[in-house]
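**Student:** Mind having a look at this structure? Questions to follow.
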Number of protein chains: 2
Amino acid sequence: MGPPAELFRPLYREGEVLRLLDQRLLPAREVWLTLSKPPEIALAIRDMAVRGAPAIGVAAAYGAAFSMRSGATTPPAERFETARHLLAATRPTAVNLFAALDRMARRFAEIAASDSGEIERALVAEADAIAAEDIEACRRIGRYGAELLAPDSLVMTHCNAGALATAGYGTALGVIRGAVEAGKSIRVLACETRPYLQGARLTAWELARDRIPVEIITDSMGGHFLSGGEVRAVVVGADRIAANGDTANKIGTYSLAVLAKENGVPFYVAAPTTTVDLQCPDGSRIPIEERAGAEVLSFGGHAIGPDGVSARYAAFDVTPARYITSIVTDRGICRPPFLESLARAMASAGKNHRRPD
Amino acid sequence: MGPPAELFRPLYREGEVLRLLDQRLLPAREVWLTLSKPPEIALAIRDMAVRGAPAIGVAAAYGAAFSMRSGATTPPAERFETARHLLAATRPTAVNLFAALDRMARRFAEIAASDSGEIERALVAEADAIAAEDIEACRRIGRYGAELLAPDSLVMTHCNAGALATAGYGTALGVIRGAVEAGKSIRVLACETRPYLQGARLTAWELARDRIPVEIITDSMGGHFLSGGEVRAVVVGADRIAANGDTANKIGTYSLAVLAKENGVPFYVAAPTTTVDLQCPDGSRIPIEERAGAEVLSFGGHAIGPDGVSARYAAFDVTPARYITSIVTDRGICRPPFLESLARAMASAGKNHRRPD
């Protein structure tokens, strides 16, 4: 058991600005962006300089918090709504984005009559709270989830549900960090996660930084290694969890869940309660982002397909609840039937964590 | 229904030499290699200038046929055996390689007493026959398999089991070509097939060349599209089929087979009888090639993972027979139980197609 690593925060407020690590350039280069206006933050979300459902929520909260800074002749409510709509239009699947913007809107409504400076101070404090609560939620997920992993085991994960996907510590990688901090010896098999390679670039980078052993495989190898008996658990994050437990997450998650079940390997989803959307009855209602096929057709700046051939790019898939062993939240481990266990967890999560309709 | 496209041959003898399209450079560049010595051909197989089980078999046959050309002071049998061992050591999984070398060895044994020139002529004729029979086998696979595809349908395939993987026409893509020639309207969803991207680079290239509609997806999207109801069939090739129907093929095939079954989509394997290995009782006995993890970690000269993090690279996986709907061979369509249907097909395949022990 190593010492707990220092908490790494991929985005944080520094005075008047948001400092944000550009995840598109990792692991080759560590470039920090300095953002101070809502459109800059919206662009960073849309173009995936920041990604991961909880991290997107935190970034959007700061985007809304900075909305008083332009258009001084425009009424504050209009300035706020303009920023909110801009930020809400960036990406459709991660519910944390909308949950954070709704929470910021409630805070704005409470202080709408104040002057711009006072509104900004209140909104920045709210965004700071969202970030701090996210880190705390991840730590709780880690403590709850740690017990699910065997003391000496190989764990598979997909995409990056780590510190880089949150305000810090991570969800799926939070569970792994929690197990390591509890003295368990965990090795990780990271699916590379085409087309953006979040697994190879981000998960491997942050686990190596924490000296947690990690090896990379292509996404196509997931089934082979799950059938080989070596992998003891799969842990992934989530972009949105419906009331019945159906879970939207990075494309490829559904395949791993089916293959895990087929091979008797437990499949865990780790996410804060801000990712649970009780308004959404099941996975068929989760909007799935379709990005440009062209993003599939290049790899490290090289075209990979022949001229004139196109690609399809579903960025997320939905894993039906029946393939999920447990959902690890900051309010405890939810087990099937999820309709009940998720509702219970959400009821205990307090007003700020619930999404109004 | 378009006119049948002209047969494309990715490797063929031209006088004294083997002309071979370097598949590592497609689709960006079309470079033909001229090979005339066994070590050159062994290298082309090992380094994947040529790949695909039937194509590897044909290349190895020419490698053996050219074995008389060096070491004039060495007895012919020794020259032949040296070449044979060199060629056999290139790649372990595709049984066609060994089947072709065994057939060449039988031909050599028949004429071992002749002079070098006569031996070479006989061996070259045998390699020519292997190539011609492979094309004929693919055409038969195409005719048999065509009936399995619905008249207007989207078909998923993995890796490249096309003209480029054979002496010409292809196995899985042979089935698709057969259906198109029979007047069916087939659209193809090609999994890109990391790490070498045979799907994005080769399958898309040769289908576009034949004007068969094709779109590329990442391997991680296979399950999502299989669950969506659009895909009517999966057709893949094989590197080795055990007596009970268990099938080794490019890594990722097993995952697609499980996901196809889970979603009620038929899963077809298309391969010539030279790919069936009746000496191998089941998939657990098929040697699976493990290649260097470094091959997973770079693309086009760019490192994709952080320094110091390694990868694992299983190049093939085994799909248990229970996930396979039918195996389309040049001797007809084999259905479960495969132990019987494959044995029947092999018994009808004639002496040249059987592998001696």
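Starting from 1 in every chain, residues are counted up; chains themselves are A, B, ... following the order of the structure tokens, and ligands are numbered from 1 as listed.
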Residues of chain A no more than 7 Å from chain B, counting only C-alpha atoms: send them over as number ranges by chain.
**Tutor:** A: 27, 194-195, 200-201, 204-205, 214-221, 223-224, 251-252, 254-255, 259, 300, 304-306, 309-313, 317
**Student:** Any idea what's packed within 10 Å of stretch 113-119 of chain B, counting only C-alpha atoms, ignoring anything in its chain fewer than 4 positions away? Could you give it as an mmCIF file with N, CA and C atoms, in the first residue's frame?
**Tutor:**
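Dumped everything to around.cif:
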```cif
data_model
loop_
_atom_site.group_PDB
_atom_site.id
_atom_site.type_symbol
_atom_site.label_atom_id
_atom_site.label_comp_id
_atom_site.auth_asym_id
_atom_site.auth_seq_id
_atom_site.Cartn_x
_atom_site.Cartn_y
_atom_site.Cartn_z
ATOM 1 N N ALA B 65 8.152 -22.882 -53.335
ATOM 2 C CA ALA B 65 8.423 -23.173 -54.758
ATOM 3 C C ALA B 65 9.740 -22.563 -55.217
ATOM 4 N N PHE B 66 10.130 -21.450 -54.597
ATOM 5 C CA PHE B 66 11.360 -20.757 -55.013
ATOM 6 C C PHE B 66 12.588 -21.265 -54.247
ATOM 7 N N SER B 67 12.435 -22.378 -53.515
ATOM 8 C CA SER B 67 13.505 -22.814 -52.604
ATOM 9 C C SER B 67 14.721 -23.400 -53.299
ATOM 10 N N MET B 68 14.592 -23.741 -54.564
ATOM 11 C CA MET B 68 15.736 -24.344 -55.253
ATOM 12 C C MET B 68 16.761 -23.308 -55.709
ATOM 13 N N ARG B 69 16.441 -22.021 -55.547
ATOM 14 C CA ARG B 69 17.226 -20.973 -56.194
ATOM 15 C C ARG B 69 18.533 -20.613 -55.510
ATOM 16 N N ALA B 72 23.255 -23.846 -54.320
ATOM 17 C CA ALA B 72 23.320 -24.868 -55.369
ATOM 18 C C ALA B 72 24.123 -26.096 -54.938
ATOM 19 N N PRO B 75 21.960 -30.211 -51.092
ATOM 20 C CA PRO B 75 20.984 -31.111 -51.724
ATOM 21 C C PRO B 75 19.594 -30.472 -51.749
ATOM 22 N N PRO B 76 18.803 -30.734 -52.811
ATOM 23 C CA PRO B 76 17.469 -30.150 -52.944
ATOM 24 C C PRO B 76 16.598 -30.354 -51.696
ATOM 25 N N ALA B 77 16.625 -31.515 -51.090
ATOM 26 C CA ALA B 77 15.750 -31.773 -49.934
ATOM 27 C C ALA B 77 16.091 -30.826 -48.788
ATOM 28 N N ARG B 107 4.260 -32.663 -52.729
ATOM 29 C CA ARG B 107 4.648 -32.549 -54.145
ATOM 30 C C ARG B 107 6.155 -32.700 -54.292
ATOM 31 N N PHE B 108 6.889 -32.080 -53.352
ATOM 32 C CA PHE B 108 8.351 -32.202 -53.396
ATOM 33 C C PHE B 108 8.758 -33.667 -53.279
ATOM 34 N N ALA B 109 8.125 -34.393 -52.356
ATOM 35 C CA ALA B 109 8.479 -35.801 -52.126
ATOM 36 C C ALA B 109 8.298 -36.622 -53.411
ATOM 37 N N LEU B 123 7.142 -27.469 -58.496
ATOM 38 C CA LEU B 123 6.684 -26.761 -57.288
ATOM 39 C C LEU B 123 5.938 -25.471 -57.646
ATOM 40 N N VAL B 124 6.445 -24.772 -58.655
ATOM 41 C CA VAL B 124 5.766 -23.546 -59.087
ATOM 42 C C VAL B 124 4.367 -23.887 -59.613
ATOM 43 N N ALA B 125 4.288 -24.985 -60.352
ATOM 44 C CA ALA B 125 2.967 -25.391 -60.860
ATOM 45 C C ALA B 125 2.027 -25.709 -59.695
#
```
**Student:** Report, in Å with one decimal, the straight-line distance from atom CA of A:Phe98 to atom CA of A:Pro54.
**Tutor:**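 If I compute the distance from atom CA of A:Phe98 to atom CA of A:Pro54, I get 10.7 Å.
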**Student:** From a DSSP pass on the backbone, collect the residues of stretch 234-279 of chain A flagged as strand (DSSP E or B) and hand them back as number ranges by chain.
**Tutor:** A: 234-236, 240-242, 247-250, 267-270, 276-277
**Student:** Can you build me a table of stretch 179-241 of chain A residues sitting at most 9 Å from stretch 135-146 of chain A, with the closest atom pair per residue and its distance in Å to one decimal, using only C-alpha atoms, sorted by chain and residue number, as a tab-separated table?
**Tutor:**
```
residue	atom	partner	partner_atom	distance
A:Ala179	CA	A:Ala146	CA	4.1
A:Val180	CA	A:Ala146	CA	7.9
A:Glu181	CA	A:Ala146	CA	8.6
A:Ala182	CA	A:Ala146	CA	7.1
A:Lys184	CA	A:Ala146	CA	8.6
```
**Student:** Can you write out the residues you just picked, keeping C-alpha atoms, as a CSV table (one decimal), in the first residue's frame?
**Tutor:**
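Saved file out03.csv follows:
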```csv
chain,number,residue,atom,x,y,z
A,179,ALA,CA,-9.2,0.0,-3.1
A,180,VAL,CA,-5.5,0.8,-3.3
A,181,GLU,CA,-5.8,3.2,-0.4
A,182,ALA,CA,-7.5,0.3,1.5
A,184,LYS,CA,-5.5,-3.8,-2.0
```
**Student:** For the alpha helix (DSSP H) assignment from backbone DSSP, which residues of stretch 82-312 of chain B qualify? Please present them as a ChimeraX atom specification.
**Tutor:** /B:82-88,95-111,116-146,172-181,198,204-209,222-227,253-262
**Student:** Output C-alpha atoms for every residue in that selection, as an mmCIF file, in the first residue's frame.
**Tutor:**
```cif
data_model
loop_
_atom_site.group_PDB
_atom_site.id
_atom_site.type_symbol
_atom_site.label_atom_id
_atom_site.label_comp_id
_atom_site.auth_asym_id
_atom_site.auth_seq_id
_atom_site.Cartn_x
_atom_site.Cartn_y
_atom_site.Cartn_z
ATOM 1 C CA THR B 82 15.251 -24.871 -44.906
ATOM 2 C CA ALA B 83 12.711 -22.780 -46.765
ATOM 3 C CA ARG B 84 9.805 -24.708 -45.324
ATOM 4 C CA HIS B 85 10.959 -24.157 -41.745
ATOM 5 C CA LEU B 86 11.646 -20.493 -42.344
ATOM 6 C CA LEU B 87 8.164 -20.014 -43.773
ATOM 7 C CA ALA B 88 6.451 -22.100 -41.086
ATOM 8 C CA VAL B 95 -3.599 -23.038 -40.539
ATOM 9 C CA ASN B 96 -3.584 -22.340 -44.289
ATOM 10 C CA LEU B 97 0.114 -21.582 -43.991
ATOM 11 C CA PHE B 98 0.842 -25.085 -42.700
ATOM 12 C CA ALA B 99 -1.673 -26.732 -45.015
ATOM 13 C CA ALA B 100 -0.007 -25.101 -48.031
ATOM 14 C CA LEU B 101 3.510 -26.035 -46.873
ATOM 15 C CA ASP B 102 2.406 -29.633 -46.228
ATOM 16 C CA ARG B 103 0.941 -29.830 -49.710
ATOM 17 C CA MET B 104 4.150 -28.422 -51.206
ATOM 18 C CA ALA B 105 6.126 -31.005 -49.208
ATOM 19 C CA ARG B 106 4.031 -33.824 -50.611
ATOM 20 C CA ARG B 107 4.648 -32.549 -54.145
ATOM 21 C CA PHE B 108 8.351 -32.202 -53.396
ATOM 22 C CA ALA B 109 8.479 -35.801 -52.126
ATOM 23 C CA GLU B 110 7.013 -36.993 -55.443
ATOM 24 C CA ILE B 111 9.756 -35.354 -57.510
ATOM 25 C CA SER B 116 16.611 -28.595 -59.412
ATOM 26 C CA GLY B 117 15.101 -27.034 -62.521
ATOM 27 C CA GLU B 118 12.523 -29.766 -62.855
ATOM 28 C CA ILE B 119 11.710 -29.601 -59.133
ATOM 29 C CA GLU B 120 11.214 -25.837 -59.363
ATOM 30 C CA ARG B 121 8.896 -26.180 -62.348
ATOM 31 C CA ALA B 122 6.798 -28.784 -60.516
ATOM 32 C CA LEU B 123 6.684 -26.761 -57.288
ATOM 33 C CA VAL B 124 5.766 -23.546 -59.087
ATOM 34 C CA ALA B 125 2.967 -25.391 -60.860
ATOM 35 C CA GLU B 126 1.745 -26.654 -57.479
ATOM 36 C CA ALA B 127 1.802 -23.132 -55.993
ATOM 37 C CA ASP B 128 -0.067 -21.855 -59.082
ATOM 38 C CA ALA B 129 -2.660 -24.569 -58.462
ATOM 39 C CA ILE B 130 -3.023 -23.571 -54.797
ATOM 40 C CA ALA B 131 -3.607 -19.962 -55.849
ATOM 41 C CA ALA B 132 -6.104 -20.901 -58.565
ATOM 42 C CA GLU B 133 -7.961 -23.261 -56.237
ATOM 43 C CA ASP B 134 -8.134 -20.546 -53.595
ATOM 44 C CA ILE B 135 -9.823 -18.155 -56.008
ATOM 45 C CA GLU B 136 -12.211 -20.895 -57.089
ATOM 46 C CA ALA B 137 -12.941 -21.752 -53.431
ATOM 47 C CA CYS B 138 -13.735 -18.095 -52.708
ATOM 48 C CA ARG B 139 -16.113 -17.904 -55.653
ATOM 49 C CA ARG B 140 -17.887 -21.026 -54.412
ATOM 50 C CA ILE B 141 -18.088 -19.548 -50.896
ATOM 51 C CA GLY B 142 -19.626 -16.462 -52.470
ATOM 52 C CA ARG B 143 -22.242 -18.465 -54.341
ATOM 53 C CA TYR B 144 -23.182 -20.559 -51.284
ATOM 54 C CA GLY B 145 -23.146 -17.648 -48.879
ATOM 55 C CA ALA B 146 -25.139 -15.271 -51.092
ATOM 56 C CA ALA B 172 -16.467 -12.956 -45.943
ATOM 57 C CA LEU B 173 -16.334 -10.271 -48.630
ATOM 58 C CA GLY B 174 -16.738 -13.113 -51.136
ATOM 59 C CA VAL B 175 -20.141 -13.789 -49.550
ATOM 60 C CA ILE B 176 -20.977 -10.102 -49.884
ATOM 61 C CA ARG B 177 -19.745 -10.020 -53.507
ATOM 62 C CA GLY B 178 -21.735 -13.186 -54.222
ATOM 63 C CA ALA B 179 -24.889 -11.567 -52.842
ATOM 64 C CA VAL B 180 -24.292 -8.400 -54.879
ATOM 65 C CA GLU B 181 -23.707 -10.466 -58.025
ATOM 66 C CA GLN B 198 -7.469 -3.796 -41.667
ATOM 67 C CA ALA B 204 -13.190 -0.127 -47.034
ATOM 68 C CA TRP B 205 -10.613 0.227 -49.835
ATOM 69 C CA GLU B 206 -11.576 -2.900 -51.727
ATOM 70 C CA LEU B 207 -15.338 -2.466 -51.281
ATOM 71 C CA ALA B 208 -15.161 1.158 -52.422
ATOM 72 C CA ARG B 209 -13.161 -0.058 -55.436
ATOM 73 C CA GLY B 222 -19.996 -3.020 -32.864
ATOM 74 C CA GLY B 223 -22.286 -3.840 -29.944
ATOM 75 C CA HIS B 224 -24.184 -0.569 -30.208
ATOM 76 C CA PHE B 225 -25.014 -1.093 -33.876
ATOM 77 C CA LEU B 226 -25.852 -4.790 -33.359
ATOM 78 C CA SER B 227 -28.332 -3.819 -30.647
ATOM 79 C CA THR B 253 -14.372 -11.455 -33.579
ATOM 80 C CA TYR B 254 -15.371 -13.257 -30.379
ATOM 81 C CA SER B 255 -16.880 -10.055 -28.968
ATOM 82 C CA LEU B 256 -18.953 -9.465 -32.096
ATOM 83 C CA ALA B 257 -20.173 -13.078 -32.053
ATOM 84 C CA VAL B 258 -21.376 -12.820 -28.435
ATOM 85 C CA LEU B 259 -23.020 -9.456 -29.150
ATOM 86 C CA ALA B 260 -24.662 -10.782 -32.325
ATOM 87 C CA LYS B 261 -26.133 -13.750 -30.470
ATOM 88 C CA GLU B 262 -27.326 -11.523 -27.614
#
```
**Student:** To one decimal in Å, tell me the separation between atom CA of B:Thr329 and atom CA of B:Thr273.
**Tutor:**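 Between atom CA of B:Thr329 and atom CA of B:Thr273 the gap is 6.0 Å.
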**Student:** Between B:Asp282, B:Asp239, B:Glu290, B:Asp210, single out the one closest to B:Ala161, counting only C-alpha atoms.
**Tutor:**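 Ranking B:Asp282, B:Asp239, B:Glu290, B:Asp210 by distance to B:Ala161, first place goes to B:Asp239.
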**Student:** If we count only C-alpha atoms, what is near A:Arg322 at a cut-off of 9 Å, once residues fewer than 2 positions away on the same chain are taken out, given as a list of chain:residue names?
**Tutor:**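 Near neighbours after the sequence-gap exclusion: A:Gly245, A:Asp246, A:Thr319, A:Pro320, A:Ile324, A:Thr325, A:Pro336.
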**Student:** Next, dump the selected residues to file, keeping only C-alpha atoms, as a PDB file, in the first residue's frame.
**Tutor:**
```
ATOM      1  CA  GLY A 245     -30.522   1.851 -13.914  1.00  0.00           C
ATOM      2  CA  ASP A 246     -29.993   1.877 -17.697  1.00  0.00           C
ATOM      3  CA  THR A 319     -26.111  -0.407 -21.170  1.00  0.00           C
ATOM      4  CA  PRO A 320     -29.409  -1.924 -20.057  1.00  0.00           C
ATOM      5  CA  ILE A 324     -25.066  -4.085 -14.380  1.00  0.00           C
ATOM      6  CA  THR A 325     -24.117  -5.796 -11.115  1.00  0.00           C
ATOM      7  CA  PRO A 336     -30.979  -4.365  -8.429  1.00  0.00           C
TER       8      PRO A 336
END
```
**Student:** What's around A:Pro10 at 6 Å? Count only C-alpha atoms, leave out sequence neighbours fewer than 4 positions away in its own chain, and write the answer as a list in words.
**Tutor:** Leu20, Leu21 and Leu164 of chain A
